[in-house]
Amino acid sequence: MANQLMTRVDEEFKKSIDLLQTMSADRTMRQWIQEALAMSVAALKRGNKLMFAGNGGSAADAQHWAGELVSRFYFDRPGLPAVALTTDTSILTAIGNDYGYDYVFARQVEALGREGDVFFAISTSGNSKNILRAINAARSQGLGVIGFTGESGGAMAERCDVCFRMPSSETPKIQEGHEFIGHLLCGLIEHEMFSDAKG
């Protein structure tokens, strides 16, 4: 039993290592990182904000990344305007009750989004209906859209300015890839915005 358990552990380590090695070797992934960083920094320097949304584990990522930007990441500096659309239970339940769950993020984008903002859309399948509706709302209001999906990209792939497609079809590994890229972008955004403040 112990040997079987350790074999499973070894397999999971290997899958995570392989995921990161594949991502690291992918020149397109590096280009996406540069483009997403440029979009985000340009928006923030204009006085715009970053908005995040996802379901389940992706909702946790949305809240996590917004928190890193509003609070701090590597060093003390002014907070950055970032909003997770996954946290206000009164808004979520009101929209869900009045319009349906497919609209819980789109309605918030319509209410809070402004031209020049950037919307981070997170869906491991790339097909979450409420995320797709939110992307459409973002597009109609002049927001940039950065997507995070699995290897197929789903319906999101063609609707985003940048779409990070993780090289996996396994949900936990896709989420691991998302978390790595999300953390990387938070650190890069902080550096680009406040490199002079780093102490």
# chains A, B, ... in the order shown; residues from 1 in each chain; ligands from 1
>>> closest_atom_pairs(of="range 26-66 of chain A", to="range 92-113 of chain A", cutoff="9 Å", atoms="only C-alpha atoms", output="CSV")
residue,atom,partner,partner_atom,distance
A:Lys49,CA,A:Gly113,CA,8.4
A:Met51,CA,A:Gly113,CA,8.0
A:Ala53,CA,A:Phe105,CA,7.0
A:Gly54,CA,A:Phe105,CA,8.7
>>> select_by_dssp(residues="range 61-170 of chain A", states="alpha helix (DSSP H)", output="PyMOL selection string")
chain A and resi 61-70+89-98+106-112+129-140
>>> residues_around(residues="range 189-194 of chain A", least_positions_apart="6", cutoff="8 Å", atoms="only C-alpha atoms", output="ChimeraX atom specification")
/A:37,40-41,45,69,73-74,77
>>> write_last_selection(atoms="C-alpha atoms", output="short mmCIF file (atom, residue, chain, number, x, y, z; two decimals), in the first residue's frame")
data_model
loop_
_atom_site.label_atom_id
_atom_site.label_comp_id
_atom_site.auth_asym_id
_atom_site.auth_seq_id
_atom_site.Cartn_x
_atom_site.Cartn_y
_atom_site.Cartn_z
CA LEU A 37 2.06 42.30 -19.07
CA SER A 40 -1.99 45.28 -17.81
CA VAL A 41 0.69 47.89 -17.19
CA LYS A 45 -0.74 53.63 -16.01
CA LEU A 69 -2.14 43.49 -6.62
CA PHE A 73 3.58 40.99 -3.66
CA TYR A 74 7.36 41.24 -3.33
CA ARG A 77 4.25 50.00 -2.62
#
>>> closest_residue(among="A:Val118, A:Phe180, A:Gln175, A:Ser128", to="Met39 in chain A", atoms="only C-alpha atoms")
A:Val118
>>> residues_around(residues="Glu68 in chain A", least_positions_apart="2", cutoff="10 Å", atoms="only C-alpha atoms", output="tab-separated table (two decimals) with N, CA and C atoms, in the first residue's frame")
chain	number	residue	atom	x	y	z
A	63	GLN	N	-9.58	35.83	-6.89
A	63	GLN	CA	-9.44	36.54	-5.62
A	63	GLN	C	-7.98	36.64	-5.20
A	64	HIS	N	-7.25	35.57	-5.42
A	64	HIS	CA	-5.83	35.53	-5.05
A	64	HIS	C	-5.04	36.61	-5.79
A	65	TRP	N	-5.19	36.66	-7.11
A	65	TRP	CA	-4.40	37.60	-7.90
A	65	TRP	C	-4.81	39.04	-7.64
A	66	ALA	N	-6.11	39.29	-7.48
A	66	ALA	CA	-6.54	40.65	-7.14
A	66	ALA	C	-5.95	41.07	-5.80
A	70	VAL	N	-3.75	44.45	-5.06
A	70	VAL	CA	-4.27	45.50	-4.18
A	70	VAL	C	-3.39	45.65	-2.95
A	71	SER	N	-2.91	44.54	-2.40
A	71	SER	CA	-2.08	44.59	-1.20
A	71	SER	C	-0.61	44.79	-1.56
A	72	ARG	N	0.11	43.70	-1.73
A	72	ARG	CA	1.53	43.75	-2.10
A	72	ARG	C	1.93	42.36	-2.55
A	73	PHE	N	3.07	42.29	-3.24
A	73	PHE	CA	3.58	40.99	-3.66
A	73	PHE	C	4.99	40.82	-3.12
A	74	TYR	N	5.99	41.37	-3.81
A	74	TYR	CA	7.36	41.24	-3.33
A	74	TYR	C	7.80	42.37	-2.41
A	79	GLY	N	-1.14	50.43	-3.46
A	79	GLY	CA	-2.01	49.38	-3.98
A	79	GLY	C	-2.38	49.65	-5.44
A	80	LEU	N	-2.64	48.58	-6.17
A	80	LEU	CA	-3.05	48.68	-7.56
A	80	LEU	C	-4.54	48.35	-7.68
A	82	ALA	N	-7.43	46.50	-8.60
A	82	ALA	CA	-7.77	45.18	-9.11
A	82	ALA	C	-9.00	44.68	-8.36
A	182	GLY	N	-0.28	33.34	-13.21
A	182	GLY	CA	-0.88	34.44	-12.45
A	182	GLY	C	0.10	35.07	-11.49
A	183	HIS	N	0.82	34.25	-10.74
A	183	HIS	CA	1.84	34.77	-9.83
A	183	HIS	C	2.95	35.50	-10.59
A	186	CYS	N	1.67	38.89	-11.64
A	186	CYS	CA	1.58	39.81	-10.49
A	186	CYS	C	2.96	40.39	-10.16
A	187	GLY	N	3.97	39.54	-10.13
A	187	GLY	CA	5.31	40.01	-9.83
A	187	GLY	C	5.85	40.94	-10.90
A	190	GLU	N	3.99	44.36	-10.73
A	190	GLU	CA	4.50	45.13	-9.61
A	190	GLU	C	5.86	45.74	-9.94
